[in-house]
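Student: Structure incoming, see below.
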Amino acid sequence: MKRKTALTALLGLCLIILAGCAQSAEQPAASPAPTQPASFTMAPETGAPTNPPEPTSTPAPSPIVAPTKEQVLAAREQALEGMTEDQADWLYTVITGANAWWERQYFYYDIFAYLEDPKDPAWNYFDETGQINVQWSYTGDEYDLEDIRRIREEEGLSWTGFCEKYGTEDTLSEFLVNNEYDADDFIGILTDIQSTVQNADLKNDLQALIDKTAQARDKHDMSAANDIFKTVHDMDYYLLRYGPEDMAEEVEDTSFVKKYFGMLSIYR
């Protein structure tokens, strides 16, 4: 009986080691080498191991790979199936226009640095239409840019926080822009477009845009605004257009156009 128990335990140990070897063979090349199997002390009579095996390293998540041109063309045909030409054109106009707006705000105005502060005037883009203030300009001569940077770092102030604390009517001026659409308008437009879409994946992505816009509006949540930015980027360059090719003559550096954030359901 003891001999049979020992043989059973030995067989079990071999199976564990073999399984560990097989698992190691499946690890990606970039993953750290797995640790050596732990030594086991066999308990008398039962043959059960008293030392648990050491855990192996968790493989790194796979990088997001941009869809190929062929995949984009196939996905576009699938996504727009059942829509009229006018409906598809309106979807194209809205998404490419939204992407262009976000890119302009991202590259030229560093908008996410301001949206980190829920009280920043930049959130007026989501809250109001018409002539709106989206930033304060400090025009006083008491503090130069180095002073302002030092004070903000020392006191942990955002730009808006600095203006609220140290600005006066004489030293502050509003940076006014005309805002044609606020969050409610954008949600309404997307909802109308969604009602013309037949493809389930495209419906889901439009719903995600609607939900994230509402979240950004209600909570002044910068992460939600960032997801809107990424989604319209992917939908423009990797569904309604093939950005790396279509934008090659529009921009000198296509590295950002070639970036895919993995936001679209149709490729999952």
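A note on labels: chains of the structure tokens are A, B, ... as shown, every chain counts residues from 1, and ligands are counted from 1 in their shown order.
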Quick one: everything within 12 Å of Asn99 (chain A), counting only C-alpha atoms, minus sequence neighbours fewer than 5 positions away in the same chain. Send it as an NGL selection string.
Tutor: :A and (92-94 or 104-106 or 226-237 or 240-241 or 243 or 257)
Student: Create the file for the chosen residues now, containing N, CA and C atoms and written as a short mmCIF file (atom, residue, chain, number, x, y, z; two decimals), in the first residue's frame.
Tutor:
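Listing of part_39.cif after writing:
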data_model
loop_
_atom_site.label_atom_id
_atom_site.label_comp_id
_atom_site.auth_asym_id
_atom_site.auth_seq_id
_atom_site.Cartn_x
_atom_site.Cartn_y
_atom_site.Cartn_z
N TYR A 92 -19.85 60.49 -41.16
CA TYR A 92 -18.47 60.86 -41.51
C TYR A 92 -18.19 62.32 -41.13
N THR A 93 -19.10 63.21 -41.49
CA THR A 93 -18.92 64.64 -41.22
C THR A 93 -18.81 64.91 -39.72
N VAL A 94 -19.68 64.30 -38.93
CA VAL A 94 -19.69 64.54 -37.48
C VAL A 94 -18.43 63.99 -36.82
N ARG A 104 -6.96 69.55 -32.51
CA ARG A 104 -6.54 70.96 -32.41
C ARG A 104 -6.40 71.36 -30.94
N GLN A 105 -7.36 70.98 -30.12
CA GLN A 105 -7.29 71.29 -28.70
C GLN A 105 -6.13 70.58 -28.02
N TYR A 106 -5.86 69.38 -28.42
CA TYR A 106 -4.79 68.56 -27.82
C TYR A 106 -3.40 69.09 -28.17
N ASN A 226 -11.05 62.15 -22.18
CA ASN A 226 -9.94 61.50 -22.88
C ASN A 226 -10.43 60.31 -23.69
N ASP A 227 -11.41 59.57 -23.18
CA ASP A 227 -11.97 58.45 -23.92
C ASP A 227 -12.74 58.92 -25.16
N ILE A 228 -13.40 60.06 -25.06
CA ILE A 228 -14.06 60.63 -26.24
C ILE A 228 -13.01 60.93 -27.31
N PHE A 229 -11.94 61.58 -26.90
CA PHE A 229 -10.83 61.91 -27.79
C PHE A 229 -10.30 60.66 -28.49
N LYS A 230 -10.06 59.61 -27.75
CA LYS A 230 -9.51 58.38 -28.33
C LYS A 230 -10.50 57.69 -29.26
N THR A 231 -11.78 57.70 -28.88
CA THR A 231 -12.78 57.00 -29.68
C THR A 231 -13.00 57.67 -31.02
N VAL A 232 -13.12 59.00 -31.04
CA VAL A 232 -13.33 59.67 -32.33
C VAL A 232 -12.07 59.57 -33.20
N HIS A 233 -10.90 59.52 -32.56
CA HIS A 233 -9.65 59.30 -33.30
C HIS A 233 -9.69 57.96 -34.02
N ASP A 234 -10.00 56.90 -33.27
CA ASP A 234 -10.03 55.55 -33.86
C ASP A 234 -11.13 55.42 -34.90
N MET A 235 -12.29 56.00 -34.62
CA MET A 235 -13.40 55.88 -35.55
C MET A 235 -13.12 56.62 -36.85
N ASP A 236 -12.42 57.74 -36.75
CA ASP A 236 -12.05 58.50 -37.95
C ASP A 236 -10.98 57.76 -38.75
N TYR A 237 -9.84 57.46 -38.12
CA TYR A 237 -8.67 56.98 -38.85
C TYR A 237 -8.66 55.47 -39.10
N LEU A 240 -13.84 55.07 -40.66
CA LEU A 240 -14.42 55.90 -41.71
C LEU A 240 -13.36 56.32 -42.74
N ARG A 241 -12.12 56.36 -42.32
CA ARG A 241 -10.99 56.56 -43.23
C ARG A 241 -9.89 55.57 -42.85
N GLY A 243 -6.45 56.30 -41.94
CA GLY A 243 -5.64 57.47 -41.67
C GLY A 243 -4.22 57.45 -42.19
N VAL A 257 -1.32 59.84 -36.39
CA VAL A 257 -2.40 59.27 -37.20
C VAL A 257 -2.32 57.75 -37.18
#
Student: Please provide as a PyMOL selection string all residues within 12 Å of region 120-122 of chain A, with the sequence filter that same-chain residues fewer than 4 positions apart are discarded (counting only C-alpha atoms).
Tutor: chain A and resi 105+109-116+126-128+132-137+157-164+174-177+179+182+216-217+220-222+225
Student: Can I get the selection written as an mmCIF file, in the first residue's frame, with N, CA and C atoms?
Tutor:
data_model
loop_
_atom_site.group_PDB
_atom_site.id
_atom_site.type_symbol
_atom_site.label_atom_id
_atom_site.label_comp_id
_atom_site.auth_asym_id
_atom_site.auth_seq_id
_atom_site.Cartn_x
_atom_site.Cartn_y
_atom_site.Cartn_z
ATOM 1 N N GLN A 105 -7.363 70.982 -30.123
ATOM 2 C CA GLN A 105 -7.292 71.294 -28.697
ATOM 3 C C GLN A 105 -6.128 70.577 -28.022
ATOM 4 N N TYR A 109 -3.509 73.587 -27.638
ATOM 5 C CA TYR A 109 -3.984 74.227 -26.411
ATOM 6 C C TYR A 109 -3.801 73.369 -25.163
ATOM 7 N N ASP A 110 -3.238 72.154 -25.346
ATOM 8 C CA ASP A 110 -2.962 71.285 -24.195
ATOM 9 C C ASP A 110 -4.190 71.137 -23.300
ATOM 10 N N ILE A 111 -5.330 70.806 -23.917
ATOM 11 C CA ILE A 111 -6.603 70.891 -23.216
ATOM 12 C C ILE A 111 -6.687 69.979 -22.001
ATOM 13 N N PHE A 112 -6.051 68.822 -22.036
ATOM 14 C CA PHE A 112 -6.195 67.893 -20.915
ATOM 15 C C PHE A 112 -5.479 68.389 -19.657
ATOM 16 N N ALA A 113 -4.499 69.252 -19.824
ATOM 17 C CA ALA A 113 -3.867 69.861 -18.653
ATOM 18 C C ALA A 113 -4.862 70.739 -17.914
ATOM 19 N N TYR A 114 -5.813 71.338 -18.630
ATOM 20 C CA TYR A 114 -6.825 72.181 -18.002
ATOM 21 C C TYR A 114 -8.007 71.348 -17.501
ATOM 22 N N LEU A 115 -8.387 70.314 -18.272
ATOM 23 C CA LEU A 115 -9.531 69.499 -17.871
ATOM 24 C C LEU A 115 -9.257 68.657 -16.626
ATOM 25 N N GLU A 116 -7.996 68.579 -16.216
ATOM 26 C CA GLU A 116 -7.692 67.878 -14.960
ATOM 27 C C GLU A 116 -8.361 68.572 -13.774
ATOM 28 N N PHE A 126 -18.203 71.938 -22.662
ATOM 29 C CA PHE A 126 -19.221 70.913 -22.452
ATOM 30 C C PHE A 126 -20.533 71.509 -21.941
ATOM 31 N N ASP A 127 -20.445 72.646 -21.261
ATOM 32 C CA ASP A 127 -21.596 73.155 -20.506
ATOM 33 C C ASP A 127 -22.393 74.250 -21.196
ATOM 34 N N GLU A 128 -21.782 74.995 -22.116
ATOM 35 C CA GLU A 128 -22.436 76.187 -22.647
ATOM 36 C C GLU A 128 -22.234 76.301 -24.157
ATOM 37 N N ILE A 132 -18.237 81.954 -25.031
ATOM 38 C CA ILE A 132 -17.896 81.401 -23.715
ATOM 39 C C ILE A 132 -16.441 81.706 -23.378
ATOM 40 N N ASN A 133 -16.175 81.764 -22.088
ATOM 41 C CA ASN A 133 -14.801 81.877 -21.607
ATOM 42 C C ASN A 133 -14.246 80.482 -21.373
ATOM 43 N N VAL A 134 -13.115 80.163 -22.005
ATOM 44 C CA VAL A 134 -12.516 78.842 -21.823
ATOM 45 C C VAL A 134 -11.163 78.921 -21.114
ATOM 46 N N GLN A 135 -10.708 80.133 -20.819
ATOM 47 C CA GLN A 135 -9.438 80.257 -20.111
ATOM 48 C C GLN A 135 -9.257 81.693 -19.632
ATOM 49 N N TRP A 136 -8.503 81.817 -18.520
ATOM 50 C CA TRP A 136 -8.132 83.144 -18.043
ATOM 51 C C TRP A 136 -6.763 83.514 -18.594
ATOM 52 N N SER A 137 -6.588 84.781 -18.887
ATOM 53 C CA SER A 137 -5.277 85.302 -19.251
ATOM 54 C C SER A 137 -4.848 86.275 -18.156
ATOM 55 N N LEU A 157 -1.294 74.695 -7.115
ATOM 56 C CA LEU A 157 -2.428 75.351 -7.755
ATOM 57 C C LEU A 157 -2.468 75.043 -9.253
ATOM 58 N N SER A 158 -3.665 74.837 -9.773
ATOM 59 C CA SER A 158 -3.849 74.821 -11.215
ATOM 60 C C SER A 158 -3.758 76.255 -11.713
ATOM 61 N N TRP A 159 -3.742 76.428 -13.050
ATOM 62 C CA TRP A 159 -3.728 77.787 -13.584
ATOM 63 C C TRP A 159 -4.963 78.557 -13.129
ATOM 64 N N THR A 160 -6.119 77.887 -13.186
ATOM 65 C CA THR A 160 -7.348 78.540 -12.747
ATOM 66 C C THR A 160 -7.288 78.870 -11.263
ATOM 67 N N GLY A 161 -6.706 77.949 -10.477
ATOM 68 C CA GLY A 161 -6.564 78.205 -9.043
ATOM 69 C C GLY A 161 -5.694 79.417 -8.761
ATOM 70 N N PHE A 162 -4.626 79.579 -9.530
ATOM 71 C CA PHE A 162 -3.764 80.748 -9.366
ATOM 72 C C PHE A 162 -4.537 82.028 -9.696
ATOM 73 N N CYS A 163 -5.286 82.005 -10.811
ATOM 74 C CA CYS A 163 -6.028 83.193 -11.221
ATOM 75 C C CYS A 163 -7.093 83.568 -10.193
ATOM 76 N N GLU A 164 -7.754 82.550 -9.625
ATOM 77 C CA GLU A 164 -8.773 82.821 -8.624
ATOM 78 C C GLU A 164 -8.170 83.444 -7.367
ATOM 79 N N GLU A 174 -10.647 87.449 -19.975
ATOM 80 C CA GLU A 174 -11.208 86.194 -20.439
ATOM 81 C C GLU A 174 -10.734 85.881 -21.859
ATOM 82 N N PHE A 175 -10.528 84.594 -22.095
ATOM 83 C CA PHE A 175 -10.222 84.129 -23.445
ATOM 84 C C PHE A 175 -11.523 83.578 -24.011
ATOM 85 N N LEU A 176 -12.182 84.351 -24.855
ATOM 86 C CA LEU A 176 -13.522 84.035 -25.324
ATOM 87 C C LEU A 176 -13.483 83.356 -26.690
ATOM 88 N N VAL A 177 -14.322 82.327 -26.847
ATOM 89 C CA VAL A 177 -14.477 81.642 -28.131
ATOM 90 C C VAL A 177 -15.967 81.433 -28.380
ATOM 91 N N ASN A 179 -18.701 78.827 -29.082
ATOM 92 C CA ASN A 179 -18.917 77.389 -28.978
ATOM 93 C C ASN A 179 -20.284 77.039 -29.552
ATOM 94 N N ASP A 182 -22.549 72.243 -27.396
ATOM 95 C CA ASP A 182 -22.102 71.773 -26.082
ATOM 96 C C ASP A 182 -22.340 70.265 -25.992
ATOM 97 N N ALA A 216 -18.642 63.139 -18.818
ATOM 98 C CA ALA A 216 -17.771 64.323 -18.793
ATOM 99 C C ALA A 216 -18.564 65.565 -18.422
ATOM 100 N N ARG A 217 -19.754 65.691 -18.973
ATOM 101 C CA ARG A 217 -20.612 66.853 -18.677
ATOM 102 C C ARG A 217 -21.036 66.878 -17.212
ATOM 103 N N HIS A 220 -17.487 66.438 -14.858
ATOM 104 C CA HIS A 220 -16.251 67.107 -15.262
ATOM 105 C C HIS A 220 -15.075 66.143 -15.061
ATOM 106 N N ASP A 221 -15.251 64.965 -15.637
ATOM 107 C CA ASP A 221 -14.301 63.858 -15.497
ATOM 108 C C ASP A 221 -13.353 63.865 -16.689
ATOM 109 N N MET A 222 -12.083 64.174 -16.441
ATOM 110 C CA MET A 222 -11.106 64.260 -17.514
ATOM 111 C C MET A 222 -10.898 62.932 -18.211
ATOM 112 N N ALA A 225 -13.462 62.528 -20.874
ATOM 113 C CA ALA A 225 -13.136 63.373 -22.030
ATOM 114 C C ALA A 225 -12.015 62.745 -22.855
#
Student: Between A:Gly188, A:Ala183, A:Tyr108, A:Asp246, which one has atoms that come closest to Trp123 (chain A), using only C-alpha atoms?
Tutor: A:Ala183
Student: As number ranges by chain, please: every residue in region 25-262 of chain A that DSSP puts in strand (DSSP E).
Tutor: A: 130-138, 172-179
Student: Enter the distance from CA of Ala74 (chain A) to CA of Leu239 (chain A), in Å, rounded to one decimal.
Tutor: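 Atom-to-atom, CA of Ala74 (chain A) and CA of Leu239 (chain A) are spaced 9.1 Å apart.
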